[in-house]
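Text of start27.cif (mmCIF, C-alpha atoms) as supplied:
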```cif
data_upload
#
loop_
_atom_site.group_PDB
_atom_site.id
_atom_site.type_symbol
_atom_site.label_atom_id
_atom_site.label_comp_id
_atom_site.auth_asym_id
_atom_site.auth_seq_id
_atom_site.Cartn_x
_atom_site.Cartn_y
_atom_site.Cartn_z
ATOM 1 C CA MET A 16 25.996 -39.484 43.196
ATOM 2 C CA ARG A 17 26.897 -43.155 42.880
ATOM 3 C CA TRP A 18 28.116 -44.311 39.496
ATOM 4 C CA THR A 19 26.693 -47.543 38.182
ATOM 5 C CA SER A 20 28.421 -49.703 35.602
ATOM 6 C CA ALA A 21 25.706 -48.792 33.105
ATOM 7 C CA MET A 22 26.379 -45.082 33.575
ATOM 8 C CA VAL A 23 30.118 -45.610 33.102
ATOM 9 C CA CYS A 24 29.468 -47.471 29.845
ATOM 10 C CA VAL A 25 27.309 -44.610 28.542
ATOM 11 C CA VAL A 26 29.990 -42.030 29.336
ATOM 12 C CA LEU A 27 32.753 -44.114 27.755
ATOM 13 C CA THR A 28 30.653 -44.717 24.667
ATOM 14 C CA ALA A 29 30.317 -40.969 24.198
ATOM 15 C CA VAL A 30 33.911 -40.051 25.034
ATOM 16 C CA VAL A 31 35.997 -42.696 23.255
ATOM 17 C CA PRO A 32 35.084 -41.631 19.688
ATOM 18 C CA LEU A 33 35.881 -38.017 20.582
ATOM 19 C CA LEU A 34 39.256 -39.033 21.956
ATOM 20 C CA ALA A 35 39.977 -41.106 18.875
ATOM 21 C CA PHE A 36 39.074 -38.157 16.643
ATOM 22 C CA ALA A 37 41.194 -35.761 18.687
ATOM 23 C CA GLN A 38 44.182 -38.085 18.574
ATOM 24 C CA SER A 39 43.920 -38.964 14.876
ATOM 25 C CA GLU A 40 46.820 -37.792 12.760
ATOM 26 C CA PRO A 41 46.299 -34.947 10.310
ATOM 27 C CA TYR A 42 46.154 -35.743 6.594
ATOM 28 C CA PRO A 43 48.308 -37.205 5.189
ATOM 29 C CA ASN A 44 49.737 -39.604 7.747
ATOM 30 C CA ARG A 45 51.894 -41.619 5.329
ATOM 31 C CA PRO A 46 53.238 -41.309 1.755
ATOM 32 C CA VAL A 47 50.596 -40.549 -0.880
ATOM 33 C CA ARG A 48 50.567 -42.309 -4.241
ATOM 34 C CA LEU A 49 49.850 -40.003 -7.196
ATOM 35 C CA ILE A 50 48.900 -42.300 -10.063
ATOM 36 C CA ALA A 51 49.736 -40.954 -13.522
ATOM 37 C CA PRO A 52 47.899 -42.981 -16.206
ATOM 38 C CA ALA A 53 50.688 -42.337 -18.702
ATOM 39 C CA GLY A 54 54.377 -42.949 -19.212
ATOM 40 C CA PRO A 55 57.125 -40.469 -18.302
ATOM 41 C CA GLY A 56 56.701 -37.181 -20.177
ATOM 42 C CA GLY A 57 52.936 -37.462 -20.632
ATOM 43 C CA ASN A 58 50.735 -34.663 -19.293
ATOM 44 C CA PRO A 59 49.547 -36.614 -16.213
ATOM 45 C CA ASP A 60 53.189 -37.417 -15.395
ATOM 46 C CA ILE A 61 54.364 -33.820 -15.885
ATOM 47 C CA TRP A 62 51.623 -32.324 -13.737
ATOM 48 C CA GLY A 63 51.868 -35.090 -11.175
ATOM 49 C CA ARG A 64 55.493 -34.130 -10.614
ATOM 50 C CA VAL A 65 54.734 -30.405 -10.500
ATOM 51 C CA LEU A 66 52.089 -30.947 -7.815
ATOM 52 C CA SER A 67 53.879 -33.695 -5.889
ATOM 53 C CA GLU A 68 56.867 -31.463 -5.229
ATOM 54 C CA ARG A 69 54.691 -28.720 -3.775
ATOM 55 C CA PHE A 70 52.365 -31.052 -1.864
ATOM 56 C CA THR A 71 55.324 -32.788 -0.237
ATOM 57 C CA ILE A 72 56.682 -29.479 1.039
ATOM 58 C CA ALA A 73 53.299 -28.071 2.117
ATOM 59 C CA LEU A 74 51.820 -31.190 3.747
ATOM 60 C CA GLY A 75 54.948 -32.764 5.184
ATOM 61 C CA ARG A 76 54.636 -36.248 3.679
ATOM 62 C CA PRO A 77 55.985 -37.610 0.391
ATOM 63 C CA PHE A 78 53.645 -37.454 -2.607
ATOM 64 C CA VAL A 79 55.094 -40.037 -4.985
ATOM 65 C CA VAL A 80 54.227 -40.156 -8.691
ATOM 66 C CA GLU A 81 53.635 -43.655 -10.051
ATOM 67 C CA ASN A 82 53.492 -44.022 -13.821
ATOM 68 C CA MET A 83 50.814 -46.516 -14.778
ATOM 69 C CA PRO A 84 50.268 -46.482 -18.555
ATOM 70 C CA GLY A 85 48.027 -49.073 -20.098
ATOM 71 C CA ALA A 86 44.732 -49.279 -21.988
ATOM 72 C CA GLY A 87 44.412 -45.502 -22.253
ATOM 73 C CA GLY A 88 44.199 -44.980 -18.492
ATOM 74 C CA VAL A 89 41.890 -47.895 -17.709
ATOM 75 C CA VAL A 90 44.493 -49.756 -15.632
ATOM 76 C CA ALA A 91 45.169 -46.718 -13.441
ATOM 77 C CA ALA A 92 41.493 -45.798 -13.118
ATOM 78 C CA ASN A 93 40.589 -49.314 -11.978
ATOM 79 C CA LEU A 94 43.240 -49.200 -9.258
ATOM 80 C CA VAL A 95 42.158 -45.792 -7.930
ATOM 81 C CA ALA A 96 38.438 -46.648 -8.044
ATOM 82 C CA LYS A 97 39.081 -49.621 -5.732
ATOM 83 C CA ALA A 98 41.441 -47.825 -3.322
ATOM 84 C CA PRO A 99 40.368 -46.883 0.237
ATOM 85 C CA PRO A 100 38.869 -43.357 0.329
ATOM 86 C CA ASP A 101 41.466 -41.963 2.714
ATOM 87 C CA GLY A 102 43.350 -39.673 0.319
ATOM 88 C CA HIS A 103 46.496 -41.778 0.083
ATOM 89 C CA VAL A 104 45.833 -42.985 -3.482
ATOM 90 C CA LEU A 105 44.975 -40.234 -5.979
ATOM 91 C CA MET A 106 45.062 -39.883 -9.763
ATOM 92 C CA LEU A 107 45.898 -37.188 -12.296
ATOM 93 C CA ALA A 108 43.062 -38.081 -14.646
ATOM 94 C CA ASP A 109 42.379 -36.910 -18.168
ATOM 95 C CA SER A 110 39.352 -37.208 -20.414
ATOM 96 C CA GLY A 111 40.707 -40.446 -21.840
ATOM 97 C CA ALA A 112 40.209 -42.322 -18.578
ATOM 98 C CA LEU A 113 37.025 -40.554 -17.451
ATOM 99 C CA ALA A 114 35.096 -39.980 -20.694
ATOM 100 C CA ILE A 115 36.616 -41.357 -23.896
ATOM 101 C CA ASN A 116 37.261 -44.897 -22.699
ATOM 102 C CA PRO A 117 33.832 -45.254 -21.041
ATOM 103 C CA ALA A 118 32.312 -44.187 -24.375
ATOM 104 C CA LEU A 119 34.469 -46.555 -26.426
ATOM 105 C CA GLN A 120 34.275 -49.485 -23.998
ATOM 106 C CA PRO A 121 30.833 -49.645 -22.364
ATOM 107 C CA GLY A 122 31.782 -52.724 -20.322
ATOM 108 C CA LEU A 123 34.413 -51.013 -18.157
ATOM 109 C CA SER A 124 34.450 -52.031 -14.506
ATOM 110 C CA TYR A 125 34.313 -48.440 -13.226
ATOM 111 C CA ASP A 126 31.800 -45.618 -13.517
ATOM 112 C CA ALA A 127 33.378 -42.204 -14.015
ATOM 113 C CA LEU A 128 30.598 -40.428 -12.106
ATOM 114 C CA LYS A 129 30.083 -42.908 -9.256
ATOM 115 C CA ASP A 130 33.500 -44.413 -8.514
ATOM 116 C CA PHE A 131 35.608 -41.255 -8.122
ATOM 117 C CA THR A 132 35.617 -38.086 -6.055
ATOM 118 C CA PRO A 133 36.378 -35.147 -8.365
ATOM 119 C CA ILE A 134 38.798 -32.890 -6.487
ATOM 120 C CA THR A 135 39.619 -30.145 -8.948
ATOM 121 C CA ALA A 136 40.227 -29.395 -12.593
ATOM 122 C CA ILE A 137 43.754 -28.338 -13.493
ATOM 123 C CA ALA A 138 43.992 -27.534 -17.198
ATOM 124 C CA THR A 139 42.484 -28.014 -20.631
ATOM 125 C CA LEU A 140 44.815 -29.723 -23.086
ATOM 126 C CA PRO A 141 44.036 -28.585 -26.646
ATOM 127 C CA THR A 142 45.468 -30.143 -29.766
ATOM 128 C CA ALA A 143 46.650 -28.458 -32.939
ATOM 129 C CA PHE A 144 45.690 -29.420 -36.498
ATOM 130 C CA ILE A 145 49.061 -30.128 -38.132
ATOM 131 C CA VAL A 146 50.208 -30.698 -41.718
ATOM 132 C CA PRO A 147 53.722 -31.017 -43.174
ATOM 133 C CA SER A 148 55.143 -27.673 -44.290
ATOM 134 C CA SER A 149 55.282 -29.002 -47.862
ATOM 135 C CA PHE A 150 51.526 -29.698 -47.894
ATOM 136 C CA PRO A 151 49.664 -27.059 -49.942
ATOM 137 C CA ALA A 152 46.851 -26.352 -47.447
ATOM 138 C CA LYS A 153 47.451 -23.287 -45.275
ATOM 139 C CA THR A 154 43.991 -23.078 -43.687
ATOM 140 C CA PRO A 155 41.338 -25.575 -42.560
ATOM 141 C CA ALA A 156 39.179 -24.499 -45.526
ATOM 142 C CA GLU A 157 41.979 -25.335 -47.975
ATOM 143 C CA PHE A 158 42.514 -28.729 -46.304
ATOM 144 C CA ILE A 159 38.784 -29.443 -46.510
ATOM 145 C CA ALA A 160 38.754 -28.506 -50.204
ATOM 146 C CA LEU A 161 41.675 -30.836 -50.988
ATOM 147 C CA ALA A 162 40.088 -33.705 -49.040
ATOM 148 C CA LYS A 163 36.796 -33.259 -50.918
ATOM 149 C CA LYS A 164 38.577 -33.099 -54.253
ATOM 150 C CA ASP A 165 40.002 -36.613 -53.783
ATOM 151 C CA PRO A 166 37.714 -38.564 -51.400
ATOM 152 C CA GLY A 167 39.487 -41.393 -49.600
ATOM 153 C CA LYS A 168 42.951 -40.288 -50.756
ATOM 154 C CA LEU A 169 44.165 -38.015 -47.942
ATOM 155 C CA THR A 170 45.578 -39.776 -44.899
ATOM 156 C CA TYR A 171 45.698 -38.616 -41.313
ATOM 157 C CA GLY A 172 47.654 -40.006 -38.390
ATOM 158 C CA SER A 173 46.712 -40.509 -34.762
ATOM 159 C CA ALA A 174 48.283 -41.782 -31.557
ATOM 160 C CA GLY A 175 46.142 -44.901 -31.845
ATOM 161 C CA PRO A 176 42.510 -45.971 -32.255
ATOM 162 C CA GLY A 177 40.285 -44.127 -29.806
ATOM 163 C CA SER A 178 42.938 -41.544 -28.900
ATOM 164 C CA ILE A 179 41.959 -37.894 -28.602
ATOM 165 C CA HIS A 180 43.829 -37.337 -31.895
ATOM 166 C CA HIS A 181 41.691 -39.973 -33.622
ATOM 167 C CA ILE A 182 38.406 -38.735 -32.160
ATOM 168 C CA THR A 183 39.170 -35.091 -32.938
ATOM 169 C CA MET A 184 39.886 -35.801 -36.598
ATOM 170 C CA ALA A 185 36.928 -38.165 -36.892
ATOM 171 C CA ALA A 186 34.684 -35.412 -35.528
ATOM 172 C CA PHE A 187 36.298 -32.810 -37.819
ATOM 173 C CA ALA A 188 35.840 -35.086 -40.847
ATOM 174 C CA ASP A 189 32.222 -35.813 -39.945
ATOM 175 C CA ARG A 190 31.492 -32.134 -39.384
ATOM 176 C CA ASN A 191 32.856 -31.272 -42.853
ATOM 177 C CA ASP A 192 31.703 -34.410 -44.702
ATOM 178 C CA LEU A 193 35.242 -35.640 -45.432
ATOM 179 C CA ASP A 194 36.360 -39.121 -46.445
ATOM 180 C CA MET A 195 39.959 -39.738 -45.282
ATOM 181 C CA LEU A 196 42.108 -42.738 -44.404
ATOM 182 C CA HIS A 197 43.019 -43.154 -40.732
ATOM 183 C CA VAL A 198 46.589 -44.350 -40.037
ATOM 184 C CA PRO A 199 47.031 -45.139 -36.319
ATOM 185 C CA TYR A 200 50.493 -45.074 -34.715
ATOM 186 C CA ARG A 201 51.760 -46.190 -31.326
ATOM 187 C CA GLY A 202 51.765 -42.825 -29.660
ATOM 188 C CA GLY A 203 51.901 -39.122 -30.447
ATOM 189 C CA THR A 204 55.647 -38.990 -31.095
ATOM 190 C CA GLN A 205 55.432 -41.671 -33.792
ATOM 191 C CA MET A 206 52.557 -39.800 -35.412
ATOM 192 C CA VAL A 207 54.551 -36.556 -35.478
ATOM 193 C CA ASN A 208 57.498 -38.402 -37.028
ATOM 194 C CA ALA A 209 55.147 -39.733 -39.706
ATOM 195 C CA LEU A 210 53.986 -36.186 -40.479
ATOM 196 C CA LEU A 211 57.587 -34.999 -40.725
ATOM 197 C CA ALA A 212 58.380 -37.878 -43.081
ATOM 198 C CA GLY A 213 55.315 -37.160 -45.228
ATOM 199 C CA GLU A 214 53.755 -40.568 -44.523
ATOM 200 C CA VAL A 215 50.452 -38.868 -43.662
ATOM 201 C CA GLN A 216 49.045 -35.512 -44.717
ATOM 202 C CA GLY A 217 47.486 -34.351 -41.474
ATOM 203 C CA GLY A 218 46.765 -35.011 -37.833
ATOM 204 C CA TRP A 219 45.903 -33.484 -34.469
ATOM 205 C CA SER A 220 48.755 -33.322 -31.989
ATOM 206 C CA GLY A 221 49.377 -32.230 -28.441
ATOM 207 C CA ILE A 222 51.069 -28.838 -28.678
ATOM 208 C CA PRO A 223 54.296 -29.684 -26.779
ATOM 209 C CA ASN A 224 55.022 -32.440 -29.308
ATOM 210 C CA VAL A 225 54.992 -30.055 -32.266
ATOM 211 C CA ARG A 226 55.695 -26.546 -31.010
ATOM 212 C CA GLY A 227 59.390 -26.700 -31.938
ATOM 213 C CA GLN A 228 58.697 -28.085 -35.418
ATOM 214 C CA ILE A 229 56.046 -25.413 -36.028
ATOM 215 C CA GLU A 230 58.391 -22.631 -34.953
ATOM 216 C CA GLY A 231 61.175 -24.210 -37.048
ATOM 217 C CA GLY A 232 59.009 -24.335 -40.172
ATOM 218 C CA LEU A 233 58.930 -28.130 -40.466
ATOM 219 C CA LEU A 234 55.215 -28.401 -39.687
ATOM 220 C CA ARG A 235 52.310 -26.019 -40.164
ATOM 221 C CA ALA A 236 49.490 -25.543 -37.657
ATOM 222 C CA LEU A 237 46.146 -24.787 -39.315
ATOM 223 C CA CYS A 238 44.149 -24.189 -36.118
ATOM 224 C CA VAL A 239 43.759 -25.262 -32.490
ATOM 225 C CA SER A 240 40.920 -27.424 -31.231
ATOM 226 C CA ILE A 241 39.323 -25.178 -28.567
ATOM 227 C CA LEU A 242 37.541 -21.823 -28.601
ATOM 228 C CA VAL A 243 40.469 -19.803 -27.238
ATOM 229 C CA ARG A 244 43.963 -19.544 -28.682
ATOM 230 C CA SER A 245 46.747 -21.463 -26.999
ATOM 231 C CA PRO A 246 49.133 -19.185 -25.066
ATOM 232 C CA SER A 247 52.069 -21.155 -26.467
ATOM 233 C CA LEU A 248 50.894 -20.718 -30.104
ATOM 234 C CA PRO A 249 49.284 -17.264 -29.990
ATOM 235 C CA ASN A 250 49.530 -16.762 -33.760
ATOM 236 C CA VAL A 251 47.606 -19.952 -34.554
ATOM 237 C CA PRO A 252 43.851 -19.257 -34.815
ATOM 238 C CA THR A 253 41.098 -21.437 -33.408
ATOM 239 C CA CYS A 254 39.057 -23.580 -35.786
ATOM 240 C CA ASP A 255 36.073 -21.452 -34.836
ATOM 241 C CA GLU A 256 37.910 -18.337 -36.034
ATOM 242 C CA MET A 257 38.730 -20.120 -39.294
ATOM 243 C CA GLY A 258 35.149 -20.943 -40.139
ATOM 244 C CA VAL A 259 34.571 -24.300 -38.417
ATOM 245 C CA LYS A 260 32.128 -22.708 -36.012
ATOM 246 C CA GLY A 261 31.823 -24.049 -32.495
ATOM 247 C CA PHE A 262 34.515 -26.698 -32.953
ATOM 248 C CA ASP A 263 35.709 -27.364 -29.396
ATOM 249 C CA ILE A 264 37.352 -30.689 -28.511
ATOM 250 C CA ALA A 265 40.061 -31.193 -25.920
ATOM 251 C CA THR A 266 40.927 -33.251 -22.892
ATOM 252 C CA MET A 267 40.684 -31.947 -19.365
ATOM 253 C CA LEU A 268 43.363 -32.827 -16.841
ATOM 254 C CA GLY A 269 42.064 -33.045 -13.296
ATOM 255 C CA PHE A 270 42.661 -34.492 -9.890
ATOM 256 C CA VAL A 271 40.494 -37.340 -8.517
ATOM 257 C CA GLY A 272 40.375 -39.793 -5.643
ATOM 258 C CA PRO A 273 38.205 -42.808 -4.872
ATOM 259 C CA ALA A 274 34.512 -42.247 -4.216
ATOM 260 C CA GLY A 275 33.751 -41.155 -0.666
ATOM 261 C CA LEU A 276 36.850 -39.022 -0.115
ATOM 262 C CA PRO A 277 36.224 -36.903 3.028
ATOM 263 C CA PRO A 278 35.397 -33.234 2.308
ATOM 264 C CA ALA A 279 38.234 -32.032 4.549
ATOM 265 C CA ILE A 280 40.791 -33.904 2.447
ATOM 266 C CA VAL A 281 39.221 -32.617 -0.768
ATOM 267 C CA ALA A 282 39.422 -29.055 0.567
ATOM 268 C CA THR A 283 43.075 -29.480 1.545
ATOM 269 C CA LEU A 284 44.030 -30.796 -1.887
ATOM 270 C CA GLN A 285 42.040 -28.084 -3.663
ATOM 271 C CA ALA A 286 43.748 -25.363 -1.653
ATOM 272 C CA GLU A 287 47.246 -26.739 -2.282
ATOM 273 C CA THR A 288 46.522 -27.214 -6.004
ATOM 274 C CA ALA A 289 45.319 -23.611 -6.279
ATOM 275 C CA LYS A 290 48.506 -22.390 -4.558
ATOM 276 C CA ALA A 291 50.651 -24.452 -6.949
ATOM 277 C CA LEU A 292 48.890 -23.113 -10.042
ATOM 278 C CA ARG A 293 49.373 -19.520 -8.872
ATOM 279 C CA ASP A 294 53.137 -20.029 -8.731
ATOM 280 C CA PRO A 295 54.696 -17.935 -11.568
ATOM 281 C CA LYS A 296 57.051 -20.801 -12.448
ATOM 282 C CA VAL A 297 54.106 -23.167 -12.835
ATOM 283 C CA ALA A 298 52.219 -20.584 -14.928
ATOM 284 C CA GLU A 299 55.247 -20.289 -17.217
ATOM 285 C CA ARG A 300 55.404 -24.073 -17.508
ATOM 286 C CA MET A 301 51.742 -24.153 -18.510
ATOM 287 C CA VAL A 302 52.437 -21.744 -21.357
ATOM 288 C CA GLN A 303 55.346 -23.911 -22.528
ATOM 289 C CA LEU A 304 53.074 -26.957 -22.537
ATOM 290 C CA GLY A 305 50.267 -25.197 -24.387
ATOM 291 C CA VAL A 306 47.645 -25.838 -21.728
ATOM 292 C CA VAL A 307 44.888 -23.512 -20.541
ATOM 293 C CA MET A 308 44.427 -23.182 -16.776
ATOM 294 C CA GLN A 309 41.004 -24.151 -15.440
ATOM 295 C CA GLU A 310 38.844 -22.910 -12.586
ATOM 296 C CA ASN A 311 39.599 -24.617 -9.293
ATOM 297 C CA GLY A 312 36.904 -26.585 -7.485
ATOM 298 C CA THR A 313 34.827 -29.756 -7.354
ATOM 299 C CA ALA A 314 31.598 -28.429 -8.884
ATOM 300 C CA HIS A 315 33.308 -27.060 -11.997
ATOM 301 C CA TYR A 316 35.267 -30.263 -12.528
ATOM 302 C CA GLN A 317 32.278 -32.515 -11.928
ATOM 303 C CA LYS A 318 30.283 -30.584 -14.543
ATOM 304 C CA PHE A 319 33.136 -30.882 -17.039
ATOM 305 C CA VAL A 320 33.297 -34.661 -16.526
ATOM 306 C CA ARG A 321 29.539 -34.936 -17.104
ATOM 307 C CA ASP A 322 29.763 -32.757 -20.217
ATOM 308 C CA ASP A 323 32.744 -34.794 -21.442
ATOM 309 C CA LEU A 324 30.829 -38.053 -21.067
ATOM 310 C CA GLU A 325 27.957 -36.637 -23.117
ATOM 311 C CA ARG A 326 30.264 -35.086 -25.719
ATOM 312 C CA TYR A 327 32.410 -38.151 -26.397
ATOM 313 C CA GLY A 328 29.505 -40.529 -26.032
ATOM 314 C CA ALA A 329 27.665 -38.651 -28.791
ATOM 315 C CA ILE A 330 30.728 -38.665 -31.065
ATOM 316 C CA VAL A 331 31.387 -42.370 -30.535
ATOM 317 C CA ARG A 332 27.751 -43.317 -31.135
ATOM 318 C CA LYS A 333 27.417 -41.179 -34.234
ATOM 319 C CA LEU A 334 30.644 -42.414 -35.817
ATOM 320 C CA ASN A 335 30.288 -45.978 -34.518
ATOM 321 C CA LEU A 336 33.748 -45.883 -32.951
ATOM 322 C CA GLN A 337 34.243 -48.744 -30.540
ATOM 323 C CA ILE A 338 37.156 -50.689 -29.096
ATOM 324 C CA LYS A 339 36.467 -54.250 -28.075
#
```

Target format structure tokens, applied to this file:
Amino acid sequence: MRWTSAMVCVVLTAVVPLLAFAQSEPYPNRPVRLIAPAGPGGNPDIWGRVLSERFTIALGRPFVVENMPGAGGVVAANLVAKAPPDGHVLMLADSGALAINPALQPGLSYDALKDFTPITAIATLPTAFIVPSSFPAKTPAEFIALAKKDPGKLTYGSAGPGSIHHITMAAFADRNDLDMLHVPYRGGTQMVNALLAGEVQGGWSGIPNVRGQIEGGLLRALCVSILVRSPSLPNVPTCDEMGVKGFDIATMLGFVGPAGLPPAIVATLQAETAKALRDPKVAERMVQLGVVMQENGTAHYQKFVRDDLERYGAIVRKLNLQIK
């Protein structure tokens, strides 16, 4: 059979893409940026470093953590949303970036459901309801009674307006019809210092920030903010156990990439994350940090993000909390 130029073109058209696919490098083919929307020591930073070490070994390319604090995760989220969907720019995202900020700031330039590929959930990050050890309340009911006795007199601290600490206490106060004064600080550590100094009478804190002070008797934990006890504070009941039924507010830490991330890359990252979380050393670290491991997979994480958006949106609308 004689080959015509047209026939050659047809064959080449069919073969060249296959050759290109066969010769393409496996993922990743260069260093991967893991964006942590927090400073050093924050949960996204800690877990970014835990995963980056294992990913680098397993996948043969450096996974490099980049701290990018600013505007409660908005700066980092904007960068990742606009990155090419090739798996070389990823983010350790929490509910602040994906749910709380969209609720507080409706004009954000990214959409949490449309502009990211949810890869997998990692852990739930509960907070603990903390008071100074000298404060008379030893249970949530006693705190509620004292707050109702002197409306507007009790003060509570937070890590800043719109922080999970602020929203959790605002929701707790609304649920129990409390009138308290909000005193925002520049971060969780400053808020804990204020509690230790007696500047404020209460607050919700990430567990790692206060575990030592609770165990040392300097602070008292009245309850934790989710429906299961924290493995790092097993003797501290949930709010639900203590009579504030159904109270369940926390942030979820998860792993996302830009929208359109190829399924093969998602599957690779899910598998390596699951391996990392099964490591006994990582499990021990999770207990130390007071986090609760979450089910691995895209569908579970995507549902949590949707539920988070509804949950925080409802709280923000009801309490008229907004940051302009």

*Between A:Gly88, A:Gly275, A:Pro99, A:Pro252, single out the one closest to Pro117 in chain A, counting only C-alpha atoms.*
A:Gly88

_Length of the CA of Arg235 in chain A to CA of Phe144 in chain A vector [Å]_ =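 Those two atoms sit 8.3 Å apart.
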
*Would you list the contacts of Gln228 in chain A as a list of chain:residue names, taking every protein, DNA or RNA residue within 12 Å and counting all atoms listed in the file, but skipping same-chain residues closer than 3 positions in sequence?*
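Near Gln228 in chain A, the qualifying residues are A:Ile145, A:Val146, A:Pro147, A:Ser148, A:Val207, A:Asn208, A:Leu210, A:Leu211, A:Ser220, A:Ile222, A:Pro223, A:Asn224, A:Val225, A:Gly231, A:Gly232, A:Leu233, A:Leu234, A:Arg235, A:Ala236, A:Leu248.
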
*asked:* I need every residue sitting at most 12 Å from the point (29.3, -41.7, -35.4) (coordinates as in the file, all atoms listed in the file considered), written as a PyMOL selection string.
replied: chain A and resi 118-119+182+185-190+326-337

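With CA of Gly85 in chain A on one side and CA of Leu140 in chain A on the other, the separation reads 19.8 Å.
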
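Each of A:Gly202, A:Gly177, A:Pro155, A:Gly54 was compared to Cys238 in chain A using only C-alpha atoms, and A:Pro155 turns out to be the nearest.
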
_Result set of the PyMOL selection byres ((chain A and resi 63) around 12) on the coordinates above, as a PyMOL selection string_ = chain A and resi 47-62+64-71+78-82+105-109+137+268-271+288+291

Here's the selection I'm unsure about, the PyMOL selection byres ((chain A and resi 172) around 7); applied to the file above, which residues does it give, as a PDB file with C-alpha atoms, keeping the file's coordinate frame?
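Everything below was put into selection-v4.pdb:
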```pdb
ATOM      1  CA  THR A 170      45.578 -39.776 -44.899  1.00  0.00           C
ATOM      2  CA  TYR A 171      45.698 -38.616 -41.313  1.00  0.00           C
ATOM      3  CA  SER A 173      46.712 -40.509 -34.762  1.00  0.00           C
ATOM      4  CA  HIS A 197      43.019 -43.154 -40.732  1.00  0.00           C
ATOM      5  CA  VAL A 198      46.589 -44.350 -40.037  1.00  0.00           C
ATOM      6  CA  PRO A 199      47.031 -45.139 -36.319  1.00  0.00           C
ATOM      7  CA  TYR A 200      50.493 -45.074 -34.715  1.00  0.00           C
ATOM      8  CA  MET A 206      52.557 -39.800 -35.412  1.00  0.00           C
ATOM      9  CA  VAL A 215      50.452 -38.868 -43.662  1.00  0.00           C
ATOM     10  CA  GLY A 217      47.486 -34.351 -41.474  1.00  0.00           C
ATOM     11  CA  GLY A 218      46.765 -35.011 -37.833  1.00  0.00           C
TER      12      GLY A 218
END
```

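When the PyMOL selection byres ((chain A and resi 241-245) around 7) is evaluated against the file, it yields Pro141, Val239, Ser240, Pro246, Ser247, Leu248, Pro249, Val251, Pro252, Thr253, Asp255, Phe262, Asp263, Ile264, Ala265, Gly305 and Val306 of chain A.
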
*Kindly give the distance, in Å, that separates CA of Asp126 in chain A and CA of Ala282 in chain A, rounded to a single decimal.*
23.0 Å

*Find the residue from A:Glu256, A:Asp323, A:Ala298, A:Pro41 that sits nearest to Thr154 in chain A; use only C-alpha atoms when measuring.*
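Checking each candidate against Thr154 in chain A, we get A:Glu256 as the closest.
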